[in-house]
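J.: Dropping a structure here in structure tokens format, bear with me for questions.
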Amino acid sequence: MTPTYELYAIKYGHHKRNRSANFLGGDPHDGPMPMDYFVWLARSSERTFVIDTGFSQAGTDQRKRELIRLPSVGLKLLDVEAASVKDVIVTHLHYDHIGNFALFPSVTFHLQDREMQFATGRYMCLDCFKHSFNVEDVVSMVRSVYQGRVDFTDGDAEIAPAFQCT
């Protein structure tokens, strides 16, 4: 039988800003375009996945964002202890998707090969690309590789029955 997953969007942060701040090169039709930040929980009776880990308090302070609650607090509202989570799917390595390593000490990170290559490759020499990354978070992911905590995929992969990572 194929498991059924419940999917929850957990809002953890907010930032008041204009459209021009949301797009490379700005936007000629500038006006208010605030951004909300979410992590996700996918849960079945057999398995729990957290999708991204959000930015940390340090990331909040550095980038002047509003931290509504740590993602671990949002997860706890759904009866999930971050420290007991076994699987985190990382959509990409931007600062607002992969902070908070310390909150998830027991996880396996599921990550695309190309994302790690991009975040540690030549494009990080360009300010327009590296601006969205936090070097300490990327280094923490590299450390996680050396600790055997990263499951790399190359394209589409089923990481659990009926749960596909693309």
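Order determines the names: the first chain of the structure tokens is A, the second B, and so forth; residues in each chain are numbered 1 upward, and ligands are numbered 1 upward as they are shown.
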Using only C-alpha atoms, which residues sit within 8 Å of segment 19-24 of chain A once same-chain residues fewer than 4 positions away are excluded, as an mmCIF file with N, CA and C atoms, in the first residue's frame?

T.:
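Done, and the output landed in result_21.cif:
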```cif
data_model
loop_
_atom_site.group_PDB
_atom_site.id
_atom_site.type_symbol
_atom_site.label_atom_id
_atom_site.label_comp_id
_atom_site.auth_asym_id
_atom_site.auth_seq_id
_atom_site.Cartn_x
_atom_site.Cartn_y
_atom_site.Cartn_z
ATOM 1 N N PRO A 28 11.604 47.398 -12.730
ATOM 2 C CA PRO A 28 11.213 48.777 -13.046
ATOM 3 C C PRO A 28 9.841 49.159 -12.489
ATOM 4 N N HIS A 29 9.044 48.194 -12.103
ATOM 5 C CA HIS A 29 7.717 48.447 -11.538
ATOM 6 C C HIS A 29 7.765 48.255 -10.034
ATOM 7 N N ASP A 30 8.664 48.971 -9.401
ATOM 8 C CA ASP A 30 8.918 48.764 -7.984
ATOM 9 C C ASP A 30 7.705 49.128 -7.133
ATOM 10 N N GLY A 31 7.535 48.384 -6.088
ATOM 11 C CA GLY A 31 6.466 48.599 -5.125
ATOM 12 C C GLY A 31 6.587 47.550 -4.052
ATOM 13 N N PRO A 32 5.736 47.578 -3.054
ATOM 14 C CA PRO A 32 5.821 46.608 -1.967
ATOM 15 C C PRO A 32 5.683 45.162 -2.467
ATOM 16 N N MET A 33 6.581 44.307 -2.023
ATOM 17 C CA MET A 33 6.512 42.873 -2.315
ATOM 18 C C MET A 33 7.198 42.131 -1.172
ATOM 19 N N PRO A 34 6.542 42.054 -0.019
ATOM 20 C CA PRO A 34 7.155 41.380 1.123
ATOM 21 C C PRO A 34 7.355 39.897 0.832
ATOM 22 N N CYS A 128 26.656 38.494 -7.401
ATOM 23 C CA CYS A 128 25.227 38.338 -7.672
ATOM 24 C C CYS A 128 24.735 36.936 -7.345
#
```

J.: Hey, could you make a per-residue contact list for segment 11-31 of chain A against segment 48-57 of chain A with 10 Å as the cut-off, showing the nearest pair of atoms and its distance in Å to one decimal, counting only C-alpha atoms, sorted by chain and number, as JSON lines?

T.:
```
{"residue": "A:Lys11", "atom": "CA", "partner": "A:Gly54", "partner_atom": "CA", "distance": 9.5}
{"residue": "A:Tyr12", "atom": "CA", "partner": "A:Gly54", "partner_atom": "CA", "distance": 7.6}
{"residue": "A:Gly13", "atom": "CA", "partner": "A:Phe55", "partner_atom": "CA", "distance": 8.4}
```

J.: Could you name the residues that touch segment 113-121 of chain A at 7 Å or less, counting only C-alpha atoms, but leaving out those on the same chain fewer than 4 positions away, as a PyMOL selection string?

T.: chain A and resi 92-93+152-154

J.: DSSP says strand (DSSP E) for which residues of segment 14-143 of chain A? Put them as a list of chain:residue names?

T.: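 Filtering segment 14-143 of chain A to strand (DSSP E) leaves A:His14, A:His15, A:Met35, A:Asp36, A:Tyr37, A:Phe38, A:Val39, A:Trp40, A:Leu41, A:Ala42, A:Arg43, A:Thr48, A:Phe49, A:Val50, A:Ile51, A:Glu66, A:Leu67, A:Asp87, A:Val88, A:Ile89, A:Thr108, A:Phe109, A:His110, A:Leu111, A:Gln112.
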
J.: Include C-alpha atoms and write out the residues we just selected as a PDB file, in the first residue's frame.

T.:
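Output saved as result.pdb:
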```pdb
ATOM      1  CA  HIS A  14       9.036  37.555   7.159  1.00  0.00           C
ATOM      2  CA  HIS A  15      10.723  40.466   5.435  1.00  0.00           C
ATOM      3  CA  MET A  35       8.542  37.876   1.441  1.00  0.00           C
ATOM      4  CA  ASP A  36       7.430  35.134   3.810  1.00  0.00           C
ATOM      5  CA  TYR A  37       9.740  32.238   4.660  1.00  0.00           C
ATOM      6  CA  PHE A  38       8.612  28.626   5.126  1.00  0.00           C
ATOM      7  CA  VAL A  39       9.948  25.189   5.921  1.00  0.00           C
ATOM      8  CA  TRP A  40       7.823  22.153   5.160  1.00  0.00           C
ATOM      9  CA  LEU A  41       6.851  18.974   6.941  1.00  0.00           C
ATOM     10  CA  ALA A  42       5.813  15.846   5.024  1.00  0.00           C
ATOM     11  CA  ARG A  43       4.559  13.136   7.348  1.00  0.00           C
ATOM     12  CA  THR A  48       8.689  12.086   8.481  1.00  0.00           C
ATOM     13  CA  PHE A  49      10.566  14.467   6.196  1.00  0.00           C
ATOM     14  CA  VAL A  50      11.452  18.077   6.861  1.00  0.00           C
ATOM     15  CA  ILE A  51      11.961  20.067   3.687  1.00  0.00           C
ATOM     16  CA  GLU A  66      11.973  39.043  11.023  1.00  0.00           C
ATOM     17  CA  LEU A  67      12.194  35.650  12.702  1.00  0.00           C
ATOM     18  CA  ASP A  87      15.490  13.054   6.993  1.00  0.00           C
ATOM     19  CA  VAL A  88      15.815  16.596   5.671  1.00  0.00           C
ATOM     20  CA  ILE A  89      15.327  17.281   1.988  1.00  0.00           C
ATOM     21  CA  THR A 108      20.483  12.578   6.711  1.00  0.00           C
ATOM     22  CA  PHE A 109      20.406  15.468   4.276  1.00  0.00           C
ATOM     23  CA  HIS A 110      19.042  14.625   0.825  1.00  0.00           C
ATOM     24  CA  LEU A 111      20.738  16.929  -1.681  1.00  0.00           C
ATOM     25  CA  GLN A 112      21.233  17.155  -5.433  1.00  0.00           C
TER      26      GLN A 112
END
```

J.: I need the residue nearest Ile10 of chain A from this list: A:Ser44, A:Ser140, A:Ser84, A:Ser72. Use only C-alpha atoms for the distance.

T.: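 With only C-alpha atoms as the atom set, the closest residue is A:Ser72.
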
J.: Could you please determine the separation between atom CA of Lys130 of chain A and atom CA of Asp61 of chain A in Å, to one decimal place?

T.: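 Computed distance, atom CA of Lys130 of chain A to atom CA of Asp61 of chain A, equals 18.1 Å.
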
J.: Check segment 2-119 of chain A with DSSP on the backbone and list each residue it calls alpha helix (DSSP H), as a list in words.

T.: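 Here are the alpha helix (DSSP H) residues of segment 2-119 of chain A: Gln57, Ala58, Gly59, Thr60, Asp61, Gln62, Arg63, Pro71, Ser72, Val73, Gly74, Leu75, Lys76, Asp113, Arg114, Glu115, Met116, Gln117, Phe118 and Ala119 of chain A.
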
J.: Would you save the residues from that selection as a PDB file, in the first residue's frame, using N, CA and C atoms?

T.:
```pdb
ATOM      1  N   GLN A  57      18.971  32.220  13.815  1.00  0.00           N
ATOM      2  CA  GLN A  57      18.953  33.533  14.471  1.00  0.00           C
ATOM      3  C   GLN A  57      20.091  34.393  13.933  1.00  0.00           C
ATOM      4  N   ALA A  58      21.254  33.802  13.731  1.00  0.00           N
ATOM      5  CA  ALA A  58      22.385  34.556  13.184  1.00  0.00           C
ATOM      6  C   ALA A  58      22.058  35.061  11.774  1.00  0.00           C
ATOM      7  N   GLY A  59      21.401  34.228  10.977  1.00  0.00           N
ATOM      8  CA  GLY A  59      20.985  34.654   9.637  1.00  0.00           C
ATOM      9  C   GLY A  59      19.974  35.782   9.693  1.00  0.00           C
ATOM     10  N   THR A  60      19.100  35.735  10.676  1.00  0.00           N
ATOM     11  CA  THR A  60      18.122  36.802  10.892  1.00  0.00           C
ATOM     12  C   THR A  60      18.834  38.114  11.183  1.00  0.00           C
ATOM     13  N   ASP A  61      19.773  38.063  12.087  1.00  0.00           N
ATOM     14  CA  ASP A  61      20.505  39.261  12.482  1.00  0.00           C
ATOM     15  C   ASP A  61      21.340  39.805  11.327  1.00  0.00           C
ATOM     16  N   GLN A  62      22.019  38.918  10.630  1.00  0.00           N
ATOM     17  CA  GLN A  62      22.897  39.333   9.541  1.00  0.00           C
ATOM     18  C   GLN A  62      22.122  39.986   8.399  1.00  0.00           C
ATOM     19  N   ARG A  63      20.961  39.436   8.049  1.00  0.00           N
ATOM     20  CA  ARG A  63      20.213  39.913   6.883  1.00  0.00           C
ATOM     21  C   ARG A  63      19.014  40.781   7.250  1.00  0.00           C
ATOM     22  N   PRO A  71      12.316  27.368  13.120  1.00  0.00           N
ATOM     23  CA  PRO A  71      11.610  26.246  12.502  1.00  0.00           C
ATOM     24  C   PRO A  71      11.353  25.091  13.462  1.00  0.00           C
ATOM     25  N   SER A  72      12.259  24.867  14.403  1.00  0.00           N
ATOM     26  CA  SER A  72      12.054  23.788  15.375  1.00  0.00           C
ATOM     27  C   SER A  72      10.818  24.029  16.238  1.00  0.00           C
ATOM     28  N   VAL A  73      10.519  25.284  16.534  1.00  0.00           N
ATOM     29  CA  VAL A  73       9.322  25.621  17.312  1.00  0.00           C
ATOM     30  C   VAL A  73       8.074  25.356  16.474  1.00  0.00           C
ATOM     31  N   GLY A  74       8.110  25.721  15.202  1.00  0.00           N
ATOM     32  CA  GLY A  74       6.987  25.431  14.313  1.00  0.00           C
ATOM     33  C   GLY A  74       6.747  23.936  14.173  1.00  0.00           C
ATOM     34  N   LEU A  75       7.810  23.165  14.075  1.00  0.00           N
ATOM     35  CA  LEU A  75       7.675  21.710  13.995  1.00  0.00           C
ATOM     36  C   LEU A  75       7.071  21.150  15.286  1.00  0.00           C
ATOM     37  N   LYS A  76       7.510  21.694  16.409  1.00  0.00           N
ATOM     38  CA  LYS A  76       6.996  21.211  17.700  1.00  0.00           C
ATOM     39  C   LYS A  76       5.484  21.437  17.817  1.00  0.00           C
ATOM     40  N   ASP A 113      23.399  16.531  -6.366  1.00  0.00           N
ATOM     41  CA  ASP A 113      24.818  16.710  -6.688  1.00  0.00           C
ATOM     42  C   ASP A 113      25.093  18.107  -7.237  1.00  0.00           C
ATOM     43  N   ARG A 114      24.275  18.521  -8.180  1.00  0.00           N
ATOM     44  CA  ARG A 114      24.524  19.795  -8.859  1.00  0.00           C
ATOM     45  C   ARG A 114      24.408  20.993  -7.927  1.00  0.00           C
ATOM     46  N   GLU A 115      23.567  20.887  -6.912  1.00  0.00           N
ATOM     47  CA  GLU A 115      23.450  21.998  -5.970  1.00  0.00           C
ATOM     48  C   GLU A 115      24.745  22.162  -5.170  1.00  0.00           C
ATOM     49  N   MET A 116      25.319  21.057  -4.720  1.00  0.00           N
ATOM     50  CA  MET A 116      26.588  21.146  -3.997  1.00  0.00           C
ATOM     51  C   MET A 116      27.692  21.649  -4.930  1.00  0.00           C
ATOM     52  N   GLN A 117      27.698  21.180  -6.148  1.00  0.00           N
ATOM     53  CA  GLN A 117      28.702  21.646  -7.115  1.00  0.00           C
ATOM     54  C   GLN A 117      28.574  23.154  -7.341  1.00  0.00           C
ATOM     55  N   PHE A 118      27.346  23.637  -7.480  1.00  0.00           N
ATOM     56  CA  PHE A 118      27.127  25.062  -7.710  1.00  0.00           C
ATOM     57  C   PHE A 118      27.579  25.885  -6.505  1.00  0.00           C
ATOM     58  N   ALA A 119      27.170  25.460  -5.308  1.00  0.00           N
ATOM     59  CA  ALA A 119      27.450  26.237  -4.093  1.00  0.00           C
ATOM     60  C   ALA A 119      28.923  26.235  -3.706  1.00  0.00           C
TER      61      ALA A 119
END
```

J.: How many Å lie between atom CA of Leu77 of chain A and atom CA of Phe104 of chain A, rounded to one decimal?

T.: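 Atom CA of Leu77 of chain A sits 16.2 Å away from atom CA of Phe104 of chain A.
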
J.: From the list A:Arg17, A:Ala83, A:Val142, A:Leu103, which residue is nearest Arg65 of chain A when using only C-alpha atoms?

T.: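 The shortest atom-to-atom distance to Arg65 of chain A comes from A:Arg17.
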